[in-house]
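Engineer: Input: one structure, supplied below.
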Amino acid sequence: MQYTHLGRTGLRVSRLCLGTMNFGPKTTEEDSFAIMDRALEHGINFFDTADVYGWKKGEGITEQIIGRWFAQGGGRREKTVLATKVYGDMGDWPNESRLSALHIRRACEASLKRMQTDYIDLYQMHHVYREAPWEEVWQAFEVLVQQGKVLYAGSSNFAGWHIAKANEAAKSRNFLGLVSEQSHYNLRVRKPELEVIPACLDYGLGLIPWSPLAGGALAGKPQGEGGRRTEGWTAEAMQRDREVLDKWEALCGELGEAPADVALAWLLHQKVVTAPIIGPRTMEQLDGSIHTLDISLDEEMLKRIDEIFPGHKTAPEDYAW
């Protein structure tokens, strides 16, 4: 396994982040335990979850599964850099969602209880909440840090100017502020290159891409199996973009590599990226992702990939002069 620092911090995390969103809804608890154990065997120490995962309001099913896995002992918690999120609806009462100081405190306590741990390594805001001033948000995070319940703060789905505003407010309070941004970034979704990535680079945030395979569209044609590539919006997108994806698969064929592995490798070649989130449903999918770390893409190959999936210049040069 390869490791890197999370943004500008001294924290070292694996170059692949284990996403747990499938744990509960699509992957049984037994299989989830096995996948997490195998991740540690591979050297993956960075796990990502959220209080809303499991998709039964207020239950935090995925966090509960992780908690029962930690409870087995064997150094599982100590080996894991644990990231979870706050923002989503955890109930129907007025303050059971978003980023009020009240909800941040209650949500953190609830996540700690579900995951059977004393602290969260990276506590991420799942979305920006424009109605809460940064003074309120950072005060709530400062208390959690002082209490030892949270070590680092991160964001998810923030715009570039949100990152700037958040970290300027943190700086004025002598607080570390955001150290990471979890963003929708892959070869088919490159808009973060306009402003989010420049903000991350300037403020020292590590980028954690979610949906690195574009819902499976970058993984190549399905080979008869079910799953996301054969249904819903992913299947529609693959049909709509068939010509582009055919070029992509042909290029990966020249490399002799699976399209999914090359798509992840491309992300790992981006300076700002700390670790793309892999969300395996099965052990086979997890094991297959590890090969990504062995793929090296030279400048010529990166240029050819850009020709298939054009990127963006930093704003405003992308659309002005």
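The way I read the labels, and the way they are meant: chains A, B, ... in the order of the structure tokens, residue 1 as the first residue of every chain, and ligand 1 as the first ligand shown, with later ones counted on from there.
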Just want the 12 Å neighbourhood of stretch 246-253 of chain A, counted on only C-alpha atoms, with same-chain residues fewer than 5 positions away dropped. Output as an mmCIF file with all heavy atoms, in the first residue's frame.
Structural biologist:
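See out-v2.cif below for the written result:
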```
data_model
loop_
_atom_site.group_PDB
_atom_site.id
_atom_site.type_symbol
_atom_site.label_atom_id
_atom_site.label_comp_id
_atom_site.auth_asym_id
_atom_site.auth_seq_id
_atom_site.Cartn_x
_atom_site.Cartn_y
_atom_site.Cartn_z
ATOM 1 N N LEU A 187 -13.262 11.172 -14.358
ATOM 2 C CA LEU A 187 -12.986 11.558 -15.736
ATOM 3 C C LEU A 187 -14.205 12.147 -16.442
ATOM 4 O O LEU A 187 -14.060 12.960 -17.359
ATOM 5 C CB LEU A 187 -12.467 10.348 -16.518
ATOM 6 C CG LEU A 187 -10.990 10.027 -16.316
ATOM 7 C CD1 LEU A 187 -10.650 8.666 -16.907
ATOM 8 C CD2 LEU A 187 -10.111 11.115 -16.927
ATOM 9 N N ARG A 188 -15.396 11.758 -16.035
ATOM 10 C CA ARG A 188 -16.605 12.289 -16.663
ATOM 11 C C ARG A 188 -17.113 13.547 -15.973
ATOM 12 O O ARG A 188 -17.922 14.279 -16.544
ATOM 13 C CB ARG A 188 -17.714 11.229 -16.675
ATOM 14 C CG ARG A 188 -17.395 10.025 -17.546
ATOM 15 C CD ARG A 188 -18.546 9.032 -17.599
ATOM 16 N NE ARG A 188 -19.647 9.529 -18.419
ATOM 17 C CZ ARG A 188 -20.862 9.787 -17.962
ATOM 18 N NH1 ARG A 188 -21.143 9.628 -16.675
ATOM 19 N NH2 ARG A 188 -21.809 10.200 -18.769
ATOM 20 N N ALA A 217 -19.835 3.769 -14.839
ATOM 21 C CA ALA A 217 -19.764 4.020 -16.278
ATOM 22 C C ALA A 217 -18.340 3.919 -16.809
ATOM 23 O O ALA A 217 -18.133 3.582 -17.982
ATOM 24 C CB ALA A 217 -20.348 5.394 -16.606
ATOM 25 N N LEU A 218 -17.337 4.209 -15.961
ATOM 26 C CA LEU A 218 -15.949 4.164 -16.390
ATOM 27 C C LEU A 218 -15.327 2.776 -16.227
ATOM 28 O O LEU A 218 -14.143 2.591 -16.491
ATOM 29 C CB LEU A 218 -15.121 5.188 -15.599
ATOM 30 C CG LEU A 218 -15.459 6.656 -15.869
ATOM 31 C CD1 LEU A 218 -14.760 7.566 -14.865
ATOM 32 C CD2 LEU A 218 -15.059 7.042 -17.302
ATOM 33 N N ALA A 219 -16.138 1.825 -15.785
ATOM 34 C CA ALA A 219 -15.626 0.475 -15.543
ATOM 35 C C ALA A 219 -15.734 -0.430 -16.754
ATOM 36 O O ALA A 219 -15.366 -1.606 -16.683
ATOM 37 C CB ALA A 219 -16.361 -0.156 -14.359
ATOM 38 N N GLY A 220 -16.245 0.084 -17.854
ATOM 39 C CA GLY A 220 -16.366 -0.730 -19.058
ATOM 40 C C GLY A 220 -17.729 -1.385 -19.183
ATOM 41 O O GLY A 220 -18.559 -1.319 -18.279
ATOM 42 N N LYS A 221 -17.955 -1.999 -20.328
ATOM 43 C CA LYS A 221 -19.239 -2.647 -20.580
ATOM 44 C C LYS A 221 -19.480 -3.760 -19.569
ATOM 45 O O LYS A 221 -18.571 -4.537 -19.267
ATOM 46 C CB LYS A 221 -19.279 -3.246 -21.988
ATOM 47 C CG LYS A 221 -19.167 -2.241 -23.126
ATOM 48 C CD LYS A 221 -19.342 -2.963 -24.452
ATOM 49 C CE LYS A 221 -19.126 -2.013 -25.623
ATOM 50 N NZ LYS A 221 -17.685 -1.685 -25.794
ATOM 51 N N PRO A 222 -20.690 -3.859 -19.031
ATOM 52 C CA PRO A 222 -20.996 -4.968 -18.120
ATOM 53 C C PRO A 222 -20.913 -6.295 -18.848
ATOM 54 O O PRO A 222 -21.321 -6.417 -20.001
ATOM 55 C CB PRO A 222 -22.422 -4.662 -17.657
ATOM 56 C CG PRO A 222 -23.001 -3.784 -18.720
ATOM 57 C CD PRO A 222 -21.850 -2.984 -19.253
ATOM 58 N N MET A 238 -24.327 5.384 -19.928
ATOM 59 C CA MET A 238 -23.449 4.565 -20.760
ATOM 60 C C MET A 238 -23.973 4.450 -22.175
ATOM 61 O O MET A 238 -23.204 4.448 -23.143
ATOM 62 C CB MET A 238 -23.285 3.178 -20.126
ATOM 63 C CG MET A 238 -22.511 3.189 -18.815
ATOM 64 S SD MET A 238 -22.226 1.536 -18.131
ATOM 65 C CE MET A 238 -20.986 0.908 -19.270
ATOM 66 N N GLN A 239 -25.274 4.381 -22.322
ATOM 67 C CA GLN A 239 -25.869 4.322 -23.650
ATOM 68 C C GLN A 239 -25.715 5.662 -24.368
ATOM 69 O O GLN A 239 -25.363 5.716 -25.558
ATOM 70 C CB GLN A 239 -27.345 3.940 -23.548
ATOM 71 C CG GLN A 239 -28.041 3.793 -24.882
ATOM 72 C CD GLN A 239 -27.448 2.673 -25.719
ATOM 73 O OE1 GLN A 239 -27.065 1.637 -25.196
ATOM 74 N NE2 GLN A 239 -27.367 2.884 -27.038
ATOM 75 N N ARG A 240 -25.934 6.736 -23.650
ATOM 76 C CA ARG A 240 -25.848 8.080 -24.234
ATOM 77 C C ARG A 240 -24.416 8.414 -24.664
ATOM 78 O O ARG A 240 -24.198 9.056 -25.692
ATOM 79 C CB ARG A 240 -26.350 9.107 -23.212
ATOM 80 C CG ARG A 240 -26.372 10.543 -23.736
ATOM 81 C CD ARG A 240 -26.926 11.490 -22.706
ATOM 82 N NE ARG A 240 -26.098 11.521 -21.499
ATOM 83 C CZ ARG A 240 -26.471 11.048 -20.321
ATOM 84 N NH1 ARG A 240 -27.652 10.472 -20.176
ATOM 85 N NH2 ARG A 240 -25.662 11.117 -19.269
ATOM 86 N N ASP A 241 -23.435 7.996 -23.868
ATOM 87 C CA ASP A 241 -22.037 8.339 -24.122
ATOM 88 C C ASP A 241 -21.263 7.158 -24.719
ATOM 89 O O ASP A 241 -20.050 7.055 -24.538
ATOM 90 C CB ASP A 241 -21.355 8.790 -22.825
ATOM 91 C CG ASP A 241 -22.029 10.009 -22.220
ATOM 92 O OD1 ASP A 241 -22.685 10.754 -22.972
ATOM 93 O OD2 ASP A 241 -21.900 10.218 -20.999
ATOM 94 N N ALA A 258 -7.770 -3.015 -16.964
ATOM 95 C CA ALA A 258 -9.218 -2.856 -16.845
ATOM 96 C C ALA A 258 -9.560 -1.371 -16.766
ATOM 97 O O ALA A 258 -8.856 -0.602 -16.104
ATOM 98 C CB ALA A 258 -9.722 -3.569 -15.592
ATOM 99 N N PRO A 259 -10.634 -0.938 -17.440
ATOM 100 C CA PRO A 259 -11.008 0.477 -17.412
ATOM 101 C C PRO A 259 -11.168 1.040 -16.000
ATOM 102 O O PRO A 259 -10.758 2.181 -15.732
ATOM 103 C CB PRO A 259 -12.331 0.499 -18.185
ATOM 104 C CG PRO A 259 -12.238 -0.653 -19.126
ATOM 105 C CD PRO A 259 -11.495 -1.715 -18.357
ATOM 106 N N ALA A 260 -11.749 0.276 -15.091
ATOM 107 C CA ALA A 260 -11.941 0.766 -13.723
ATOM 108 C C ALA A 260 -10.605 1.076 -13.064
ATOM 109 O O ALA A 260 -10.454 2.092 -12.375
ATOM 110 C CB ALA A 260 -12.710 -0.269 -12.895
ATOM 111 N N ASP A 261 -9.614 0.222 -13.289
ATOM 112 C CA ASP A 261 -8.301 0.429 -12.676
ATOM 113 C C ASP A 261 -7.616 1.668 -13.244
ATOM 114 O O ASP A 261 -6.967 2.428 -12.515
ATOM 115 C CB ASP A 261 -7.418 -0.797 -12.887
ATOM 116 C CG ASP A 261 -7.921 -2.020 -12.140
ATOM 117 O OD1 ASP A 261 -8.719 -1.851 -11.191
ATOM 118 O OD2 ASP A 261 -7.529 -3.137 -12.504
ATOM 119 N N VAL A 262 -7.767 1.887 -14.541
ATOM 120 C CA VAL A 262 -7.136 3.056 -15.163
ATOM 121 C C VAL A 262 -7.821 4.342 -14.695
ATOM 122 O O VAL A 262 -7.159 5.363 -14.462
ATOM 123 C CB VAL A 262 -7.166 2.949 -16.700
ATOM 124 C CG1 VAL A 262 -6.467 4.159 -17.337
ATOM 125 C CG2 VAL A 262 -6.484 1.664 -17.158
ATOM 126 N N ALA A 263 -9.139 4.294 -14.535
ATOM 127 C CA ALA A 263 -9.865 5.478 -14.060
ATOM 128 C C ALA A 263 -9.399 5.869 -12.660
ATOM 129 O O ALA A 263 -9.221 7.055 -12.358
ATOM 130 C CB ALA A 263 -11.368 5.194 -14.054
ATOM 131 N N ALA A 265 -6.442 5.028 -11.378
ATOM 132 C CA ALA A 265 -5.043 5.429 -11.511
ATOM 133 C C ALA A 265 -4.929 6.872 -11.987
ATOM 134 O O ALA A 265 -4.044 7.616 -11.532
ATOM 135 C CB ALA A 265 -4.322 4.491 -12.483
ATOM 136 N N TRP A 266 -5.823 7.272 -12.895
ATOM 137 C CA TRP A 266 -5.801 8.668 -13.366
ATOM 138 C C TRP A 266 -6.002 9.630 -12.198
ATOM 139 O O TRP A 266 -5.301 10.644 -12.094
ATOM 140 C CB TRP A 266 -6.888 8.874 -14.431
ATOM 141 C CG TRP A 266 -6.960 10.292 -14.917
ATOM 142 C CD1 TRP A 266 -6.187 10.863 -15.893
ATOM 143 C CD2 TRP A 266 -7.830 11.328 -14.433
ATOM 144 N NE1 TRP A 266 -6.525 12.199 -16.042
ATOM 145 C CE2 TRP A 266 -7.533 12.502 -15.160
ATOM 146 C CE3 TRP A 266 -8.824 11.367 -13.461
ATOM 147 C CZ2 TRP A 266 -8.197 13.701 -14.934
ATOM 148 C CZ3 TRP A 266 -9.490 12.567 -13.235
ATOM 149 C CH2 TRP A 266 -9.175 13.716 -13.966
ATOM 150 N N ILE A 295 -0.364 0.884 -11.537
ATOM 151 C CA ILE A 295 -0.487 1.441 -12.888
ATOM 152 C C ILE A 295 0.149 2.826 -12.958
ATOM 153 O O ILE A 295 -0.201 3.733 -12.196
ATOM 154 C CB ILE A 295 -1.959 1.522 -13.306
ATOM 155 C CG1 ILE A 295 -2.585 0.122 -13.341
ATOM 156 C CG2 ILE A 295 -2.091 2.191 -14.677
ATOM 157 C CD1 ILE A 295 -4.071 0.123 -13.649
ATOM 158 N N LEU A 297 0.915 6.051 -15.445
ATOM 159 C CA LEU A 297 0.480 6.707 -16.680
ATOM 160 C C LEU A 297 1.477 7.812 -17.036
ATOM 161 O O LEU A 297 1.665 8.752 -16.252
ATOM 162 C CB LEU A 297 -0.925 7.295 -16.501
ATOM 163 C CG LEU A 297 -2.017 6.312 -16.058
ATOM 164 C CD1 LEU A 297 -3.322 7.060 -15.777
ATOM 165 C CD2 LEU A 297 -2.243 5.238 -17.107
ATOM 166 N N MET A 301 0.191 9.321 -22.219
ATOM 167 C CA MET A 301 -1.060 8.632 -21.943
ATOM 168 C C MET A 301 -2.048 9.573 -21.257
ATOM 169 O O MET A 301 -3.250 9.562 -21.562
ATOM 170 C CB MET A 301 -0.803 7.402 -21.073
ATOM 171 C CG MET A 301 -2.053 6.581 -20.788
ATOM 172 S SD MET A 301 -2.950 6.050 -22.290
ATOM 173 C CE MET A 301 -1.696 5.029 -23.093
ATOM 174 N N LEU A 302 -1.577 10.403 -20.357
ATOM 175 C CA LEU A 302 -2.461 11.377 -19.696
ATOM 176 C C LEU A 302 -3.048 12.349 -20.718
ATOM 177 O O LEU A 302 -4.222 12.729 -20.624
ATOM 178 C CB LEU A 302 -1.694 12.136 -18.611
ATOM 179 C CG LEU A 302 -1.284 11.316 -17.384
ATOM 180 C CD1 LEU A 302 -0.348 12.134 -16.490
ATOM 181 C CD2 LEU A 302 -2.519 10.876 -16.586
ATOM 182 N N LYS A 303 -2.233 12.722 -21.714
ATOM 183 C CA LYS A 303 -2.715 13.611 -22.769
ATOM 184 C C LYS A 303 -3.798 12.926 -23.592
ATOM 185 O O LYS A 303 -4.822 13.544 -23.933
ATOM 186 C CB LYS A 303 -1.546 14.033 -23.664
ATOM 187 C CG LYS A 303 -1.944 14.979 -24.778
ATOM 188 C CD LYS A 303 -0.729 15.380 -25.613
ATOM 189 C CE LYS A 303 -1.133 16.298 -26.755
ATOM 190 N NZ LYS A 303 0.057 16.665 -27.591
ATOM 191 N N ARG A 304 -3.610 11.654 -23.898
ATOM 192 C CA ARG A 304 -4.606 10.918 -24.683
ATOM 193 C C ARG A 304 -5.913 10.749 -23.889
ATOM 194 O O ARG A 304 -7.003 10.801 -24.473
ATOM 195 C CB ARG A 304 -4.047 9.561 -25.082
ATOM 196 C CG ARG A 304 -2.910 9.647 -26.101
ATOM 197 C CD ARG A 304 -2.399 8.266 -26.469
ATOM 198 N NE ARG A 304 -3.426 7.477 -27.160
ATOM 199 C CZ ARG A 304 -3.276 6.196 -27.459
ATOM 200 N NH1 ARG A 304 -2.154 5.551 -27.139
ATOM 201 N NH2 ARG A 304 -4.239 5.540 -28.090
ATOM 202 N N ILE A 305 -5.800 10.563 -22.597
ATOM 203 C CA ILE A 305 -7.004 10.482 -21.762
ATOM 204 C C ILE A 305 -7.751 11.810 -21.778
ATOM 205 O O ILE A 305 -8.984 11.853 -21.880
ATOM 206 C CB ILE A 305 -6.626 10.070 -20.326
ATOM 207 C CG1 ILE A 305 -6.130 8.616 -20.308
ATOM 208 C CG2 ILE A 305 -7.823 10.232 -19.388
ATOM 209 C CD1 ILE A 305 -5.584 8.160 -18.972
ATOM 210 N N ASP A 306 -6.996 12.916 -21.723
ATOM 211 C CA ASP A 306 -7.628 14.238 -21.770
ATOM 212 C C ASP A 306 -8.342 14.480 -23.097
ATOM 213 O O ASP A 306 -9.335 15.219 -23.155
ATOM 214 C CB ASP A 306 -6.575 15.338 -21.562
ATOM 215 C CG ASP A 306 -6.172 15.492 -20.105
ATOM 216 O OD1 ASP A 306 -6.936 15.042 -19.229
ATOM 217 O OD2 ASP A 306 -5.097 16.061 -19.842
ATOM 218 N N GLU A 307 -7.848 13.889 -24.148
ATOM 219 C CA GLU A 307 -8.504 14.048 -25.452
ATOM 220 C C GLU A 307 -9.862 13.359 -25.468
ATOM 221 O O GLU A 307 -10.792 13.811 -26.145
ATOM 222 C CB GLU A 307 -7.595 13.480 -26.549
ATOM 223 C CG GLU A 307 -6.344 14.318 -26.794
ATOM 224 C CD GLU A 307 -5.373 13.648 -27.742
ATOM 225 O OE1 GLU A 307 -5.628 12.479 -28.127
ATOM 226 O OE2 GLU A 307 -4.360 14.274 -28.101
ATOM 227 N N ILE A 308 -9.986 12.271 -24.714
ATOM 228 C CA ILE A 308 -11.274 11.571 -24.636
ATOM 229 C C ILE A 308 -12.211 12.264 -23.659
ATOM 230 O O ILE A 308 -13.402 12.440 -23.927
ATOM 231 C CB ILE A 308 -11.058 10.101 -24.208
ATOM 232 C CG1 ILE A 308 -10.219 9.359 -25.252
ATOM 233 C CG2 ILE A 308 -12.401 9.392 -24.009
ATOM 234 C CD1 ILE A 308 -9.831 7.944 -24.838
ATOM 235 N N PHE A 309 -11.653 12.674 -22.516
ATOM 236 C CA PHE A 309 -12.436 13.350 -21.469
ATOM 237 C C PHE A 309 -11.802 14.715 -21.202
ATOM 238 O O PHE A 309 -10.983 14.866 -20.287
ATOM 239 C CB PHE A 309 -12.441 12.531 -20.179
ATOM 240 C CG PHE A 309 -13.021 11.153 -20.306
ATOM 241 C CD1 PHE A 309 -12.194 10.041 -20.352
ATOM 242 C CD2 PHE A 309 -14.395 10.965 -20.375
ATOM 243 C CE1 PHE A 309 -12.723 8.765 -20.449
ATOM 244 C CE2 PHE A 309 -14.934 9.696 -20.486
ATOM 245 C CZ PHE A 309 -14.096 8.588 -20.526
#
```
Engineer: Go through stretch 49-82 of chain A residue by residue and, counting only C-alpha atoms, keep those with an atom at most 8 Å from stretch 27-36 of chain A; for each kept residue give the shortest atom pair and its distance in Å to one decimal, ordered by chain and increasing number, as JSON lines.
Structural biologist:
```
{"residue": "A:Ile65", "atom": "CA", "partner": "A:Glu29", "partner_atom": "CA", "distance": 6.4}
{"residue": "A:Ile66", "atom": "CA", "partner": "A:Phe33", "partner_atom": "CA", "distance": 7.9}
{"residue": "A:Trp69", "atom": "CA", "partner": "A:Phe33", "partner_atom": "CA", "distance": 6.1}
```
Engineer: When distances are computed from only C-alpha atoms, which of A:Glu168, A:Glu135, A:Glu109, A:Asp318 shows the smallest separation from A:Gln147?
Structural biologist: A:Glu109
Engineer: Wanna dump the stretch 121-143 of chain A-stretch 51-63 of chain A contacts at 12 Å for me, each residue with its shortest atom pair and the distance in Å to one decimal, counting only C-alpha atoms, ordered by chain and number, as CSV?
Structural biologist:
```
residue,atom,partner,partner_atom,distance
A:Tyr123,CA,A:Asp51,CA,10.7
A:Gln124,CA,A:Asp51,CA,10.6
A:Met125,CA,A:Asp51,CA,11.0
A:His126,CA,A:Asp51,CA,9.7
```
Engineer: Using all heavy atoms, can you export the residues from the last selection as a tab-separated table (two decimals), in the first residue's frame?
Structural biologist:
```tsv
chain	number	residue	atom	x	y	z
A	123	TYR	N	-14.06	14.52	10.76
A	123	TYR	CA	-15.50	14.78	10.82
A	123	TYR	C	-15.84	15.76	9.70
A	123	TYR	O	-15.40	16.91	9.70
A	123	TYR	CB	-15.87	15.36	12.18
A	123	TYR	CG	-17.33	15.18	12.55
A	123	TYR	CD1	-18.06	14.07	12.15
A	123	TYR	CD2	-17.99	16.13	13.34
A	123	TYR	CE1	-19.38	13.89	12.50
A	123	TYR	CE2	-19.32	15.97	13.71
A	123	TYR	CZ	-20.01	14.85	13.28
A	123	TYR	OH	-21.33	14.68	13.64
A	124	GLN	N	-16.61	15.28	8.72
A	124	GLN	CA	-16.86	16.04	7.51
A	124	GLN	C	-18.28	16.59	7.45
A	124	GLN	O	-19.24	15.90	7.78
A	124	GLN	CB	-16.65	15.11	6.29
A	124	GLN	CG	-15.28	14.46	6.23
A	124	GLN	CD	-15.25	13.26	5.30
A	124	GLN	OE1	-14.64	13.29	4.23
A	124	GLN	NE2	-15.92	12.18	5.70
A	125	MET	N	-18.38	17.83	7.01
A	125	MET	CA	-19.68	18.42	6.74
A	125	MET	C	-20.14	17.92	5.37
A	125	MET	O	-19.48	18.17	4.36
A	125	MET	CB	-19.58	19.94	6.76
A	125	MET	CG	-19.29	20.50	8.14
A	125	MET	SD	-18.75	22.22	8.13
A	125	MET	CE	-16.97	22.02	8.25
A	126	HIS	N	-21.26	17.19	5.34
A	126	HIS	CA	-21.68	16.47	4.13
A	126	HIS	C	-22.13	17.42	3.02
A	126	HIS	O	-22.19	17.04	1.85
A	126	HIS	CB	-22.82	15.52	4.49
A	126	HIS	CG	-22.84	14.27	3.68
A	126	HIS	ND1	-23.46	13.11	4.10
A	126	HIS	CD2	-22.32	13.97	2.46
A	126	HIS	CE1	-23.32	12.17	3.18
A	126	HIS	NE2	-22.64	12.66	2.18
```
Engineer: Mind listing the strand (DSSP E) residues of stretch 74-260 of chain A, per DSSP on the backbone, as JSON, numbers by chain?
Structural biologist: {"A": [81, 82, 83, 84, 85, 86, 120, 121, 122, 123, 124, 125, 150, 151, 152, 153, 154, 155, 156, 178, 179, 180, 181, 182, 183, 184, 206, 207, 208, 209, 210]}
Engineer: Which one of A:Gly73, A:Gly256, A:Gly7, A:Gly67 sits closest to A:Ala153 if you count only C-alpha atoms?
Structural biologist: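 Under the stated criterion, the closest residue is A:Gly7.
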Engineer: Measuring between only C-alpha atoms, which one of A:Ala315, A:Arg242, A:Pro276, A:Asp37 shows the shortest distance to A:Trp161?
Structural biologist: A:Ala315
Engineer: Neighbours of A:Ala166 within 12 Å (only C-alpha atoms; same-chain residues fewer than 3 positions away dropped), as a short mmCIF file (atom, residue, chain, number, x, y, z; two decimals) with N, CA and C atoms, in the first residue's frame?
Structural biologist:
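Result saved to selection.cif:
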```cif
data_model
loop_
_atom_site.label_atom_id
_atom_site.label_comp_id
_atom_site.auth_asym_id
_atom_site.auth_seq_id
_atom_site.Cartn_x
_atom_site.Cartn_y
_atom_site.Cartn_z
N MET A 125 -18.38 17.83 7.01
CA MET A 125 -19.68 18.42 6.74
C MET A 125 -20.14 17.92 5.37
N VAL A 128 -22.62 22.05 2.26
CA VAL A 128 -22.58 23.39 2.83
C VAL A 128 -23.97 23.77 3.34
N TYR A 129 -24.01 24.51 4.45
CA TYR A 129 -25.28 24.98 5.01
C TYR A 129 -25.19 26.50 5.13
N ARG A 130 -25.76 27.18 4.15
CA ARG A 130 -25.59 28.62 4.03
C ARG A 130 -26.25 29.41 5.16
N ALA A 132 -26.17 28.80 8.40
CA ALA A 132 -25.40 28.82 9.65
C ALA A 132 -24.12 29.62 9.44
N PRO A 133 -23.86 30.66 10.23
CA PRO A 133 -22.63 31.42 10.06
C PRO A 133 -21.41 30.58 10.46
N TRP A 134 -20.29 30.87 9.85
CA TRP A 134 -19.10 30.10 10.16
C TRP A 134 -18.67 30.24 11.62
N GLU A 135 -19.01 31.36 12.24
CA GLU A 135 -18.70 31.50 13.67
C GLU A 135 -19.38 30.41 14.49
N GLU A 136 -20.61 30.09 14.13
CA GLU A 136 -21.35 29.04 14.84
C GLU A 136 -20.78 27.66 14.55
N VAL A 137 -20.53 27.39 13.27
CA VAL A 137 -20.03 26.08 12.87
C VAL A 137 -18.67 25.81 13.52
N TRP A 138 -17.76 26.78 13.40
CA TRP A 138 -16.41 26.55 13.94
C TRP A 138 -16.39 26.49 15.46
N ALA A 153 -11.28 18.45 10.74
CA ALA A 153 -12.54 18.82 10.10
C ALA A 153 -12.38 18.78 8.59
N GLY A 154 -13.41 18.26 7.91
CA GLY A 154 -13.40 18.22 6.46
C GLY A 154 -14.74 18.66 5.90
N SER A 155 -14.77 18.89 4.61
CA SER A 155 -16.00 19.28 3.93
C SER A 155 -16.31 18.28 2.84
N PHE A 158 -18.55 21.05 -1.28
CA PHE A 158 -18.39 22.51 -1.15
C PHE A 158 -17.91 23.09 -2.48
N ALA A 159 -18.31 24.32 -2.75
CA ALA A 159 -17.75 25.07 -3.87
C ALA A 159 -16.41 25.67 -3.43
N GLY A 160 -15.64 26.14 -4.41
CA GLY A 160 -14.35 26.72 -4.08
C GLY A 160 -14.46 27.89 -3.12
N TRP A 161 -15.46 28.75 -3.34
CA TRP A 161 -15.57 29.93 -2.48
C TRP A 161 -16.04 29.55 -1.08
N HIS A 162 -16.76 28.43 -0.95
CA HIS A 162 -17.12 27.97 0.38
C HIS A 162 -15.88 27.55 1.16
N ILE A 163 -14.96 26.86 0.48
CA ILE A 163 -13.71 26.44 1.11
C ILE A 163 -12.92 27.65 1.56
N ALA A 169 -12.41 32.10 7.86
CA ALA A 169 -13.06 32.24 9.16
C ALA A 169 -12.32 31.45 10.22
N ALA A 170 -11.87 30.25 9.87
CA ALA A 170 -11.11 29.43 10.83
C ALA A 170 -9.80 30.09 11.20
N LYS A 171 -9.14 30.67 10.20
CA LYS A 171 -7.86 31.33 10.43
C LYS A 171 -8.01 32.48 11.43
N SER A 172 -9.10 33.21 11.32
CA SER A 172 -9.32 34.34 12.24
C SER A 172 -9.54 33.88 13.67
N ARG A 173 -9.87 32.60 13.85
CA ARG A 173 -10.10 32.03 15.18
C ARG A 173 -8.90 31.20 15.65
N PHE A 175 -7.88 28.51 14.31
CA PHE A 175 -8.34 27.13 14.24
C PHE A 175 -7.84 26.54 12.93
N LEU A 176 -7.53 25.24 12.93
CA LEU A 176 -6.96 24.59 11.74
C LEU A 176 -7.89 24.66 10.54
N GLY A 177 -9.19 24.55 10.75
CA GLY A 177 -10.14 24.63 9.66
C GLY A 177 -10.20 23.35 8.84
N LEU A 178 -10.65 23.48 7.60
CA LEU A 178 -10.81 22.33 6.72
C LEU A 178 -9.47 21.78 6.27
N VAL A 179 -9.34 20.45 6.33
CA VAL A 179 -8.11 19.81 5.84
C VAL A 179 -8.38 18.93 4.64
N SER A 180 -9.66 18.73 4.29
CA SER A 180 -10.00 17.88 3.15
C SER A 180 -11.34 18.30 2.58
N GLU A 181 -11.52 17.98 1.31
CA GLU A 181 -12.80 18.17 0.63
C GLU A 181 -13.13 16.89 -0.11
N ALA A 199 -8.85 25.91 -5.07
CA ALA A 199 -9.02 26.30 -3.67
C ALA A 199 -8.37 25.27 -2.76
N CYS A 200 -8.54 23.98 -3.07
CA CYS A 200 -7.92 22.94 -2.25
C CYS A 200 -6.40 23.06 -2.26
N TYR A 203 -5.32 26.23 -0.19
CA TYR A 203 -5.54 26.16 1.26
C TYR A 203 -5.02 24.85 1.87
N LEU A 205 -5.87 21.57 1.21
CA LEU A 205 -6.85 20.50 1.46
C LEU A 205 -6.53 19.31 0.56
#
```
Engineer: Residues near A:Asn186, anyone? I mean within 8 Å using only C-alpha atoms, not counting same-chain ones fewer than 6 positions away, as a list of chain:residue names.
Structural biologist: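 Residues meeting the cut-off are A:Pro209, A:Ser211, A:Pro212, A:Leu213, A:Ala214, A:Ala263, A:Leu267.
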Engineer: Write to file, as a CSV table (one decimal), in the first residue's frame, the residues of the selection just made, with N, CA, C and O atoms.
Structural biologist:
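What follows is the written file out_31.csv:
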```
chain,number,residue,atom,x,y,z
A,209,PRO,N,-12.0,12.1,-3.8
A,209,PRO,CA,-13.1,12.0,-4.9
A,209,PRO,C,-14.1,10.9,-4.5
A,209,PRO,O,-13.7,9.7,-4.2
A,211,SER,N,-17.5,8.7,-6.0
A,211,SER,CA,-17.9,8.2,-7.3
A,211,SER,C,-16.8,8.3,-8.4
A,211,SER,O,-17.0,8.8,-9.5
A,212,PRO,N,-15.6,7.7,-8.1
A,212,PRO,CA,-14.5,7.8,-9.0
A,212,PRO,C,-14.7,7.1,-10.3
A,212,PRO,O,-14.0,7.4,-11.3
A,213,LEU,N,-15.6,6.2,-10.3
A,213,LEU,CA,-15.9,5.4,-11.6
A,213,LEU,C,-17.2,5.9,-12.2
A,213,LEU,O,-17.8,5.2,-13.1
A,214,ALA,N,-17.7,7.1,-11.8
A,214,ALA,CA,-18.9,7.7,-12.4
A,214,ALA,C,-20.1,6.7,-12.3
A,214,ALA,O,-20.7,6.4,-13.3
A,263,ALA,N,-9.1,4.3,-14.5
A,263,ALA,CA,-9.9,5.5,-14.1
A,263,ALA,C,-9.4,5.9,-12.7
A,263,ALA,O,-9.2,7.1,-12.4
A,267,LEU,N,-6.9,9.3,-11.3
A,267,LEU,CA,-7.1,10.2,-10.2
A,267,LEU,C,-5.9,10.2,-9.3
A,267,LEU,O,-5.5,11.3,-8.8
```
